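Contents: one structure, followed by commentary.
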Amino acid sequence: MGESEAGGLPQRRGWLWIGPLAALAGAAFALSYDSDNGLRAVFRIRDELGRAEARIARLSDERSELVVRADRLRADPFEIERVARESLGMVRPGEIVVRLRGGAAEGN
């Protein structure tokens, strides 16, 4: 081994890092711009998850309100009568229904 071979070895090792670095940069680029499996997909799924969690919270609140309303209907006969009168337009025998125009009383 001469001096030229020993001197060329460190230079060649200096260039060895370029191949793995280029492969790493290519993989990072592919992951960031791949619409199916890359960072875009991660962000899209994160947004979907946020919307789903908000919907779950709304539905949970609605369910709680419905449970309270169902409990009131089971326990209070006047509540049943109120719902029947308002929703179904039911009246007791002998009652006369008077409907007023204007809608002010219908808002509730």
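Just so we're on the same page: first chain in the structure tokens is A, next is B, and so on; residues restart at 1 for each chain, and ligands are numbered from 1 in the order they show up.
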Give me every helix (DSSP H, G or I) residue in segment 11-103 of chain A, going by DSSP on the backbone, as an MDAnalysis selection string. chainID A and resid 11:15 18:33 39:75 77:88
Enter the distance from atom CA of Ala30 of chain A to atom CA of Ala52 of chain A, in Å, rounded to one decimal. 28.3 Å
Atomic separation - atom CA of Val67 of chain A relative to atom CA of Ala54 of chain A, Å: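 About the pair atom CA of Ala54 of chain A and atom CA of Val67 of chain A: they are 20.0 Å apart.
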How many Å lie between atom CA of Ala28 of chain A and atom CA of Arg40 of chain A, rounded to one decimal? 12.7 Å
